[in-house]
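Structure record follows, encoded as structure tokens.
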Number of protein chains: 2
Amino acid sequence: MTDRPRTGTHVVIVGGGFGGLYAAKALSSAGIPLTVVDRRNFHLFQPLLYQVAVGGLSPGDIASPIRSVLRKHADAHVVQDEVVDLRPGSREVVLRKGGPLVYTELVIATGSQTSYFGHDDWKEKTVGLKSVEEALIIRQRVLGAFERAETELDPERRAALLTFVIIGGGPTGVELAGAIAELARATLNRDFRSFDPARTRVILIEAVDRLLPAFPPELSGPARTALEQLGVEVRLGTRVTGMQSDRITLQPPGSGTETLVAATVLWAAGVTTSSFGERVATVFGAERDRGGRIMVGPDLSIPGHPEVFVIGDLAHSNDERGQPLPGLAPVAMQEGRYVADRIRGRTQGPFRYHNKGQLAVIGRNRAVCDLGRARFTGFFAWLIWVFVHIGYLIEFDNKLLVMVQWGFNYFTRKRGARLITFEPGPDA
Amino acid sequence: MTDRPRTGTHVVIVGGGFGGLYAAKALSSAGIPLTVVDRRNFHLFQPLLYQVAVGGLSPGDIASPIRSVLRKHADAHVVQDEVVDLRPGSREVVLRKGGPLVYTELVIATGSQTSYFGHDDWKEKTVGLKSVEEALIIRQRVLGAFERAETELDPERRAALLTFVIIGGGPTGVELAGAIAELARATLNRDFRSFDPARTRVILIEAVDRLLPAFPPELSGPARTALEQLGVEVRLGTRVTGMQSDRITLQPPGSGTETLVAATVLWAAGVTTSSFGERVATVFGAERDRGGRIMVGPDLSIPGHPEVFVIGDLAHSNDERGQPLPGLAPVAMQEGRYVADRIRGRTQGPFRYHNKGQLAVIGRNRAVCDLGRARFTGFFAWLIWVFVHIGYLIEFDNKLLVMVQWGFNYFTRKRGARLITFEPGPDA
């Protein structure tokens, strides 16, 4: 197989996440001119975002400037701008600030964002974990709740401040619940004078009857046990039906409802695609699934538009058994590489996802690990988690020393980035 | 000299900066009960704030939770709250959120903030460097200007985007100018495709006829030379008379005016005390100097109120020659320790500042250093600067690995934290 050099080829990649950057690296390494457009100037290593939320890492530790990732790729241009429209006729991408970009091939990889499943009023009360800003808001609320508990004299109100509810028992919810329990019991244990942080309640709510529903069932039990050992209360088969000020209403298994009083409610229950995805579907006449993802063909292009590819969380592509692929970083990376091969003419076959496994970390030194044939939990799973994540971070931006520092804090149970910034206040 | 234990002693310290925390550590080590009140939950290591502004460090790298600094001091309480009033009659501090705190001794150390010398309309155009938020706004503007220059087609507009003006030739201005020049020439040099970042103009404006006016005159020339070698244009004896959109008006030496077109204007020309300082003066009948600082006696107390001490940037205290002490971290630290000794009855004499010297860093590996008898510039001065700052950071929060990582980036000319966050935008 050889490259298919074509005069005037110019690939436009929208989105600098895992999918977009893997495509960009593969294409520019092959000398194909391209432009990456992203609203932000940085790539975010989302798998560690929960650590920013609990003050274990700074945003800068898990973010890499997109320019920096592509600086050695002379054929790769980077534009910080927002795509506001698409013109299929003239093959143009319309930007908010700059002039339009003409493409020969278009790769759309704009990812997903927090979704409250139509309960937009819940936004006031809860917050998701998809962006740096959301992570810093969670940090504000979690650390701020402890600060307010220190001066609160009313016992009921203090109990509410020390109750943290996490909605959603997937990897993000499990990681957040474990990290907040660790924060309260191990990091903050000597920081407060008027209450014992170990009395903190961390409650994890999942609508189906087991944790980590996307993992094999035999990992759900051990994950629950590990969380409970950290002091997390796990509530399965439980739906959230309402949220008002510091109360949330639950529908536990069986009949009846229940009310929890909690100052802090975090949302790890769902994502959706951005409004840009809707525009893509309209412009190219593509179909979308219930989650807003765009239905793509076996080659990840939009049916009828072989020059337009959709990858990562925005794409609905199926595996061999016709099951939709999950919204995970490895899927996006492999899709990015595949699309680059396709554009270079190096492959004609359909995209095949090679599932190397999935991981979720629980607290400070445990994880659950599904490597297909091998499935296990505990410290060894955690070690795998550590090496996989360090590997990715080094590949992207050589952040080895960040990881050394973080490992050091991890073992000493310190949190290096426990500052509350941009706090809305009377003098802000 | 022995401690003077008194029943019911309770010191309230307002402000968790260098002054407040040094007083708190010394008092609680001696077993004296105290409460530190701060609006923020963290102590900020201000001498490295300019590195946050240029993306060399994350805010978390130079911030330590006040609780964390005092966690081993069981007699020290920490309250994140805002002091809204003072009641000298009942010796109470009134908080915004919590109940009032009763003090036997009060230490006020609320520091200073950016001042535009009455030109409040300049706030729209320029930004100072006293808080984490200001540092991140500077980072947004500086990195954002390069991003916009990449897609700007109009040469004049692009030149304006690549022109950075820093107003004020004290240590902050010198450090910012050097760091931005280094950023453009060494860090970003391969990141852009449509312009050469080395064409960036960095202009440092100082109203008097030399840089670093608070340093001995023989250091001003070498500082200027070092900055000019980095490509900084130094304009001495020049006043800023106006700022509008992307134009600033200057009054250079001699007659006439001059206009500079620059998208980014940074303010390092002055600070003032907060509005809380005004309230302190009113409540205790204290006098204030032109900069809003409270005139204190030789023991740092407010005349007529021997139980109320003012230290750090908020205090106007004089040295032996009747000269006011500068607003520097070492002054605040020594004042904090002195006040603790005074409250403990270990000293009766007046406060004496022991000037161990002052430092300003220029670019990546030079500094100017005034150790009283010894005055020098260059790499050796920079080494002293590094060790002094690492020493302080380790003393406060054992951030040794942060410094190792930063040192590594420093030598490889990387910037680890070049992300633009909280950017106001159409979708924000």
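The way I read the labels, and the way they are meant: chains A, B, ... in the order of the structure tokens, residue 1 as the first residue of every chain, and ligand 1 as the first ligand shown, with later ones counted on from there.
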
Report as a PyMOL selection string: the residues of stretch 218-409 of chain A with a DSSP assignment of helix (DSSP H, G or I), based on the backbone of this structure.
-> chain A and resi 218-229+275-284+312-314+329-343+379-397+400-409

Give me the residues within 10 Å of B:Leu314 as a PDB file with N, CA and C atoms, in the first residue's frame, counting only C-alpha atoms and dropping any in the same chain fewer than 6 places off.
```pdb
ATOM      1  N   ILE B 108      -4.323  42.646  61.571  1.00  0.00           N
ATOM      2  CA  ILE B 108      -4.950  42.908  60.274  1.00  0.00           C
ATOM      3  C   ILE B 108      -3.874  42.882  59.193  1.00  0.00           C
ATOM      4  N   ALA B 109      -4.039  41.991  58.247  1.00  0.00           N
ATOM      5  CA  ALA B 109      -2.997  41.766  57.231  1.00  0.00           C
ATOM      6  C   ALA B 109      -3.663  41.462  55.898  1.00  0.00           C
ATOM      7  N   THR B 110      -4.471  42.401  55.418  1.00  0.00           N
ATOM      8  CA  THR B 110      -5.278  42.107  54.227  1.00  0.00           C
ATOM      9  C   THR B 110      -4.605  42.506  52.912  1.00  0.00           C
ATOM     10  N   GLY B 111      -3.380  43.058  53.000  1.00  0.00           N
ATOM     11  CA  GLY B 111      -2.609  43.241  51.776  1.00  0.00           C
ATOM     12  C   GLY B 111      -3.071  44.354  50.868  1.00  0.00           C
ATOM     13  N   SER B 112      -2.727  44.194  49.596  1.00  0.00           N
ATOM     14  CA  SER B 112      -3.004  45.263  48.639  1.00  0.00           C
ATOM     15  C   SER B 112      -3.621  44.670  47.383  1.00  0.00           C
ATOM     16  N   THR B 272      -2.927  49.474  45.682  1.00  0.00           N
ATOM     17  CA  THR B 272      -3.500  50.247  46.767  1.00  0.00           C
ATOM     18  C   THR B 272      -4.062  49.249  47.777  1.00  0.00           C
ATOM     19  N   THR B 273      -4.547  49.757  48.898  1.00  0.00           N
ATOM     20  CA  THR B 273      -5.138  48.846  49.871  1.00  0.00           C
ATOM     21  C   THR B 273      -6.613  48.666  49.529  1.00  0.00           C
ATOM     22  N   SER B 274      -7.205  47.647  50.098  1.00  0.00           N
ATOM     23  CA  SER B 274      -8.600  47.355  49.790  1.00  0.00           C
ATOM     24  C   SER B 274      -9.528  48.306  50.528  1.00  0.00           C
ATOM     25  N   PHE B 276     -11.524  47.519  52.647  1.00  0.00           N
ATOM     26  CA  PHE B 276     -11.550  47.118  54.046  1.00  0.00           C
ATOM     27  C   PHE B 276     -10.580  47.976  54.876  1.00  0.00           C
ATOM     28  N   GLY B 277      -9.453  48.370  54.262  1.00  0.00           N
ATOM     29  CA  GLY B 277      -8.495  49.233  54.954  1.00  0.00           C
ATOM     30  C   GLY B 277      -9.139  50.550  55.380  1.00  0.00           C
ATOM     31  N   ARG B 288      -4.337  57.354  57.397  1.00  0.00           N
ATOM     32  CA  ARG B 288      -3.856  56.591  56.242  1.00  0.00           C
ATOM     33  C   ARG B 288      -2.944  57.466  55.396  1.00  0.00           C
ATOM     34  N   GLY B 291      -1.281  56.221  49.735  1.00  0.00           N
ATOM     35  CA  GLY B 291      -1.590  54.930  49.105  1.00  0.00           C
ATOM     36  C   GLY B 291      -2.655  54.154  49.848  1.00  0.00           C
ATOM     37  N   GLY B 292      -3.255  54.750  50.903  1.00  0.00           N
ATOM     38  CA  GLY B 292      -4.318  54.094  51.645  1.00  0.00           C
ATOM     39  C   GLY B 292      -3.811  53.232  52.793  1.00  0.00           C
ATOM     40  N   ARG B 293      -2.471  53.207  52.997  1.00  0.00           N
ATOM     41  CA  ARG B 293      -1.934  52.351  54.051  1.00  0.00           C
ATOM     42  C   ARG B 293      -2.150  52.993  55.419  1.00  0.00           C
ATOM     43  N   ILE B 294      -2.336  52.148  56.416  1.00  0.00           N
ATOM     44  CA  ILE B 294      -2.656  52.621  57.758  1.00  0.00           C
ATOM     45  C   ILE B 294      -1.378  52.934  58.516  1.00  0.00           C
ATOM     46  N   MET B 295      -1.318  54.144  59.098  1.00  0.00           N
ATOM     47  CA  MET B 295      -0.138  54.578  59.847  1.00  0.00           C
ATOM     48  C   MET B 295      -0.136  53.840  61.178  1.00  0.00           C
ATOM     49  N   VAL B 296       0.934  53.079  61.428  1.00  0.00           N
ATOM     50  CA  VAL B 296       1.024  52.344  62.688  1.00  0.00           C
ATOM     51  C   VAL B 296       2.194  52.875  63.514  1.00  0.00           C
ATOM     52  N   GLY B 327       6.410  47.385  50.297  1.00  0.00           N
ATOM     53  CA  GLY B 327       5.415  46.308  50.340  1.00  0.00           C
ATOM     54  C   GLY B 327       5.986  45.015  49.793  1.00  0.00           C
ATOM     55  N   ALA B 332       6.540  41.709  55.383  1.00  0.00           N
ATOM     56  CA  ALA B 332       5.321  41.154  55.982  1.00  0.00           C
ATOM     57  C   ALA B 332       5.654  39.987  56.907  1.00  0.00           C
TER      58      ALA B 332
END
```

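In this model, the gap between atom CA of B:Gly8 and atom CA of A:Asn189 comes to 27.0 Å.
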
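Every protein or nucleic acid residue with an atom no more than 6 Å from stretch 345-362 of chain B, counting only C-alpha atoms and leaving out same-chain residues fewer than 5 positions away, appears here: Met1, Arg4, Pro171, Glu175, Gly178, Pro298, Asp299, Ala367, Val368, Cys369, Asp370, Leu371 and Gly372 of chain B.
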
Write the residues of the selection above to a file with C-alpha atoms, as a compact mmCIF listing (two decimals), in the first residue's frame.
```txt
# COMPACT_ATOMS: atom_id res chain seq x y z
CA MET B 1 11.91 36.22 78.50
CA ARG B 4 2.81 35.39 79.17
CA PRO B 171 10.04 44.04 39.69
CA GLU B 175 9.55 40.05 35.29
CA GLY B 178 11.16 39.35 30.32
CA PRO B 298 6.75 51.56 66.26
CA ASP B 299 5.13 48.39 67.67
CA ALA B 367 18.25 38.36 37.75
CA VAL B 368 19.30 41.46 39.62
CA CYS B 369 20.18 41.01 43.24
CA ASP B 370 20.68 43.60 45.97
CA LEU B 371 22.05 42.07 49.14
CA GLY B 372 22.89 45.42 50.72
```

For B:Glu307, list every protein, DNA or RNA residue within 7 Å, evaluated using only C-alpha atoms, and leave out those in the same chain fewer than 2 positions away; present the list as an mmCIF file with C-alpha atoms, in the first residue's frame.
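Final output, saved to result21.cif:
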```cif
data_model
loop_
_atom_site.group_PDB
_atom_site.id
_atom_site.type_symbol
_atom_site.label_atom_id
_atom_site.label_comp_id
_atom_site.auth_asym_id
_atom_site.auth_seq_id
_atom_site.Cartn_x
_atom_site.Cartn_y
_atom_site.Cartn_z
ATOM 1 C CA THR B 104 -8.243 39.779 72.660
ATOM 2 C CA GLU B 105 -5.692 40.828 70.037
ATOM 3 C CA LEU B 106 -6.423 41.588 66.393
ATOM 4 C CA SER B 301 -0.240 48.738 66.562
ATOM 5 C CA HIS B 305 -5.357 50.597 70.242
ATOM 6 C CA PHE B 309 -1.877 45.390 64.890
#
```

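Residue nearest A:Val52, chosen from A:Ser317, A:Gln140, A:Asn365, A:Thr163 and counting only C-alpha atoms: A:Gln140.
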
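Nearest residue to chain B among A:Ala63, A:Ala198, A:Ile166, A:Ala268 is A:Ala63, counting only C-alpha atoms.
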
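Minimum atom-to-atom distance to chain A, evaluated using only C-alpha atoms, belongs to B:Ile66 out of B:Leu21, B:Leu27, B:Ile384, B:Ile66.
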
Near stretch 223-235 of chain A, counting only C-alpha atoms, which residues have an atom at most 9 Å away, once you skip same-chain residues fewer than 6 positions from it, shown as a PyMOL selection string?
-> chain A and resi 169+174+177-178+181-182+185+198+200-207+209-212+252+360+362-363+366-368+377-378

Go ahead and dump the residues you just picked, N, CA, C and O atoms, as an mmCIF file, in the first residue's frame.
```
data_model
loop_
_atom_site.group_PDB
_atom_site.id
_atom_site.type_symbol
_atom_site.label_atom_id
_atom_site.label_comp_id
_atom_site.auth_asym_id
_atom_site.auth_seq_id
_atom_site.Cartn_x
_atom_site.Cartn_y
_atom_site.Cartn_z
ATOM 1 N N GLY A 169 -23.517 5.743 38.063
ATOM 2 C CA GLY A 169 -22.546 4.769 38.542
ATOM 3 C C GLY A 169 -21.635 4.232 37.458
ATOM 4 O O GLY A 169 -21.116 3.118 37.579
ATOM 5 N N VAL A 174 -18.058 6.548 39.652
ATOM 6 C CA VAL A 174 -17.276 5.704 40.567
ATOM 7 C C VAL A 174 -15.985 6.423 40.961
ATOM 8 O O VAL A 174 -15.600 6.457 42.138
ATOM 9 N N ALA A 177 -16.823 9.468 43.272
ATOM 10 C CA ALA A 177 -17.248 9.054 44.614
ATOM 11 C C ALA A 177 -16.051 8.576 45.428
ATOM 12 O O ALA A 177 -15.872 8.966 46.584
ATOM 13 N N GLY A 178 -15.206 7.745 44.809
ATOM 14 C CA GLY A 178 -14.028 7.250 45.512
ATOM 15 C C GLY A 178 -13.091 8.385 45.899
ATOM 16 O O GLY A 178 -12.563 8.426 47.013
ATOM 17 N N ALA A 181 -14.525 10.518 48.793
ATOM 18 C CA ALA A 181 -14.423 9.792 50.064
ATOM 19 C C ALA A 181 -12.982 9.820 50.581
ATOM 20 O O ALA A 181 -12.737 10.058 51.767
ATOM 21 N N GLU A 182 -12.023 9.618 49.682
ATOM 22 C CA GLU A 182 -10.605 9.683 50.063
ATOM 23 C C GLU A 182 -10.227 11.080 50.542
ATOM 24 O O GLU A 182 -9.484 11.244 51.511
ATOM 25 N N ARG A 185 -11.578 11.557 54.084
ATOM 26 C CA ARG A 185 -11.047 10.691 55.143
ATOM 27 C C ARG A 185 -9.536 10.730 55.246
ATOM 28 O O ARG A 185 -8.978 10.529 56.324
ATOM 29 N N ALA A 198 -14.275 12.733 58.605
ATOM 30 C CA ALA A 198 -14.612 11.320 58.388
ATOM 31 C C ALA A 198 -16.116 11.082 58.493
ATOM 32 O O ALA A 198 -16.609 10.035 58.084
ATOM 33 N N THR A 200 -18.238 12.680 56.836
ATOM 34 C CA THR A 200 -18.789 12.984 55.521
ATOM 35 C C THR A 200 -19.562 11.797 54.944
ATOM 36 O O THR A 200 -19.116 10.663 55.057
ATOM 37 N N ARG A 201 -20.732 12.080 54.341
ATOM 38 C CA ARG A 201 -21.463 11.027 53.617
ATOM 39 C C ARG A 201 -21.260 11.226 52.121
ATOM 40 O O ARG A 201 -21.489 12.320 51.596
ATOM 41 N N VAL A 202 -20.842 10.178 51.441
ATOM 42 C CA VAL A 202 -20.745 10.205 49.984
ATOM 43 C C VAL A 202 -21.704 9.139 49.464
ATOM 44 O O VAL A 202 -21.577 7.962 49.811
ATOM 45 N N ILE A 203 -22.691 9.558 48.675
ATOM 46 C CA ILE A 203 -23.747 8.652 48.222
ATOM 47 C C ILE A 203 -23.710 8.585 46.700
ATOM 48 O O ILE A 203 -23.799 9.611 46.021
ATOM 49 N N LEU A 204 -23.552 7.365 46.187
ATOM 50 C CA LEU A 204 -23.487 7.164 44.737
ATOM 51 C C LEU A 204 -24.781 6.498 44.279
ATOM 52 O O LEU A 204 -25.150 5.437 44.770
ATOM 53 N N ILE A 205 -25.448 7.150 43.334
ATOM 54 C CA ILE A 205 -26.768 6.675 42.886
ATOM 55 C C ILE A 205 -26.692 6.184 41.447
ATOM 56 O O ILE A 205 -26.189 6.889 40.567
ATOM 57 N N GLU A 206 -27.187 4.970 41.225
ATOM 58 C CA GLU A 206 -27.188 4.396 39.872
ATOM 59 C C GLU A 206 -28.584 3.843 39.581
ATOM 60 O O GLU A 206 -29.184 3.169 40.413
ATOM 61 N N ALA A 207 -29.084 4.146 38.378
ATOM 62 C CA ALA A 207 -30.457 3.753 38.043
ATOM 63 C C ALA A 207 -30.589 2.254 37.801
ATOM 64 O O ALA A 207 -31.603 1.653 38.149
ATOM 65 N N ASP A 209 -29.260 -1.896 38.135
ATOM 66 C CA ASP A 209 -29.055 -2.663 39.368
ATOM 67 C C ASP A 209 -27.597 -3.038 39.640
ATOM 68 O O ASP A 209 -27.324 -3.877 40.489
ATOM 69 N N ARG A 210 -26.648 -2.421 38.897
ATOM 70 C CA ARG A 210 -25.247 -2.672 39.221
ATOM 71 C C ARG A 210 -24.399 -1.473 38.827
ATOM 72 O O ARG A 210 -24.790 -0.672 37.966
ATOM 73 N N LEU A 211 -23.226 -1.365 39.445
ATOM 74 C CA LEU A 211 -22.291 -0.309 39.076
ATOM 75 C C LEU A 211 -21.610 -0.659 37.754
ATOM 76 O O LEU A 211 -21.591 -1.815 37.352
ATOM 77 N N LEU A 212 -21.032 0.351 37.113
ATOM 78 C CA LEU A 212 -20.268 0.167 35.874
ATOM 79 C C LEU A 212 -21.015 -0.699 34.852
ATOM 80 O O LEU A 212 -20.521 -1.754 34.420
ATOM 81 N N PRO A 252 -36.340 4.776 44.975
ATOM 82 C CA PRO A 252 -35.540 3.565 45.206
ATOM 83 C C PRO A 252 -36.277 2.347 44.686
ATOM 84 O O PRO A 252 -37.437 2.452 44.268
ATOM 85 N N ALA A 360 -11.491 1.511 35.379
ATOM 86 C CA ALA A 360 -12.050 2.574 36.227
ATOM 87 C C ALA A 360 -11.327 2.509 37.554
ATOM 88 O O ALA A 360 -11.085 1.418 38.086
ATOM 89 N N ILE A 362 -10.800 3.327 41.622
ATOM 90 C CA ILE A 362 -11.640 3.477 42.815
ATOM 91 C C ILE A 362 -10.761 3.928 43.962
ATOM 92 O O ILE A 362 -9.922 3.165 44.460
ATOM 93 N N GLY A 363 -10.933 5.176 44.372
ATOM 94 C CA GLY A 363 -10.134 5.673 45.482
ATOM 95 C C GLY A 363 -8.676 5.796 45.097
ATOM 96 O O GLY A 363 -8.335 6.052 43.949
ATOM 97 N N ARG A 366 -6.974 1.417 44.041
ATOM 98 C CA ARG A 366 -7.686 0.269 43.511
ATOM 99 C C ARG A 366 -8.305 0.643 42.180
ATOM 100 O O ARG A 366 -8.568 1.804 41.914
ATOM 101 N N ALA A 367 -8.576 -0.351 41.390
ATOM 102 C CA ALA A 367 -9.243 -0.122 40.115
ATOM 103 C C ALA A 367 -9.958 -1.392 39.722
ATOM 104 O O ALA A 367 -9.751 -2.446 40.324
ATOM 105 N N VAL A 368 -10.825 -1.267 38.728
ATOM 106 C CA VAL A 368 -11.345 -2.465 38.090
ATOM 107 C C VAL A 368 -10.857 -2.426 36.648
ATOM 108 O O VAL A 368 -10.765 -1.372 36.031
ATOM 109 N N THR A 377 -9.713 -6.884 39.795
ATOM 110 C CA THR A 377 -9.888 -5.657 40.562
ATOM 111 C C THR A 377 -8.752 -5.559 41.567
ATOM 112 O O THR A 377 -8.014 -6.509 41.765
ATOM 113 N N GLY A 378 -8.637 -4.383 42.193
ATOM 114 C CA GLY A 378 -7.677 -4.230 43.277
ATOM 115 C C GLY A 378 -6.444 -3.453 42.875
ATOM 116 O O GLY A 378 -6.456 -2.663 41.929
#
```

Among listed residues A:Arg279, A:Lys25, A:Arg148, A:Arg199, nearest chain B (using only C-alpha atoms) | A:Arg148

Could you tell me which of B:Leu136, B:Phe146, B:Tyr50, B:Val107 comes closest to B:Ala315 if we count only C-alpha atoms?
-> B:Val107

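Of the residues listed (A:Ile137, A:Ile62, A:Val37, A:Val339), A:Val37 shows the shortest atom-to-atom separation from A:Gly98; distances use only C-alpha atoms.
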
Identify, on the basis of only C-alpha atoms, every residue whose closest approach to B:Ser115 does not exceed 9 Å; exclude the query and any residue fewer than 4 positions from it along the same chain; express the result as a PyMOL selection string.
-> chain B and resi 119-120+128+269-273

Emit the selected residues as a PDB file, in the first residue's frame, including N, CA, C and O atoms.
```pdb
ATOM      1  N   HIS B 119      -7.802  56.069  37.407  1.00  0.00           N
ATOM      2  CA  HIS B 119      -8.246  55.865  36.017  1.00  0.00           C
ATOM      3  C   HIS B 119      -9.072  54.592  35.931  1.00  0.00           C
ATOM      4  O   HIS B 119      -8.651  53.607  35.319  1.00  0.00           O
ATOM      5  N   ASP B 120     -10.235  54.590  36.538  1.00  0.00           N
ATOM      6  CA  ASP B 120     -10.984  53.334  36.594  1.00  0.00           C
ATOM      7  C   ASP B 120     -11.471  52.886  35.221  1.00  0.00           C
ATOM      8  O   ASP B 120     -11.770  51.713  35.019  1.00  0.00           O
ATOM      9  N   GLY B 128      -4.087  44.133  36.000  1.00  0.00           N
ATOM     10  CA  GLY B 128      -2.947  44.047  36.913  1.00  0.00           C
ATOM     11  C   GLY B 128      -2.610  42.614  37.257  1.00  0.00           C
ATOM     12  O   GLY B 128      -3.165  41.669  36.687  1.00  0.00           O
ATOM     13  N   ALA B 269       1.933  48.972  37.496  1.00  0.00           N
ATOM     14  CA  ALA B 269       2.386  50.296  37.919  1.00  0.00           C
ATOM     15  C   ALA B 269       1.953  50.675  39.321  1.00  0.00           C
ATOM     16  O   ALA B 269       2.469  51.637  39.877  1.00  0.00           O
ATOM     17  N   GLY B 270       1.035  49.931  39.915  1.00  0.00           N
ATOM     18  CA  GLY B 270       0.682  50.373  41.248  1.00  0.00           C
ATOM     19  C   GLY B 270      -0.358  49.531  41.936  1.00  0.00           C
ATOM     20  O   GLY B 270      -1.158  48.854  41.312  1.00  0.00           O
ATOM     21  N   VAL B 271      -0.279  49.573  43.255  1.00  0.00           N
ATOM     22  CA  VAL B 271      -1.260  48.876  44.075  1.00  0.00           C
ATOM     23  C   VAL B 271      -1.812  49.853  45.107  1.00  0.00           C
ATOM     24  O   VAL B 271      -1.250  50.910  45.356  1.00  0.00           O
ATOM     25  N   THR B 272      -2.927  49.474  45.682  1.00  0.00           N
ATOM     26  CA  THR B 272      -3.500  50.247  46.767  1.00  0.00           C
ATOM     27  C   THR B 272      -4.062  49.249  47.777  1.00  0.00           C
ATOM     28  O   THR B 272      -4.031  48.042  47.550  1.00  0.00           O
ATOM     29  N   THR B 273      -4.547  49.757  48.898  1.00  0.00           N
ATOM     30  CA  THR B 273      -5.138  48.846  49.871  1.00  0.00           C
ATOM     31  C   THR B 273      -6.613  48.666  49.529  1.00  0.00           C
ATOM     32  O   THR B 273      -7.189  49.421  48.756  1.00  0.00           O
TER      33      THR B 273
END
```

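Proximity to B:Ala262 at 7 Å, evaluated using only C-alpha atoms and with sequence-adjacent residues fewer than 4 positions away removed, yields Ala160, Leu161, Thr163, Phe164, Val165, Asp246 and Arg247 of chain B.
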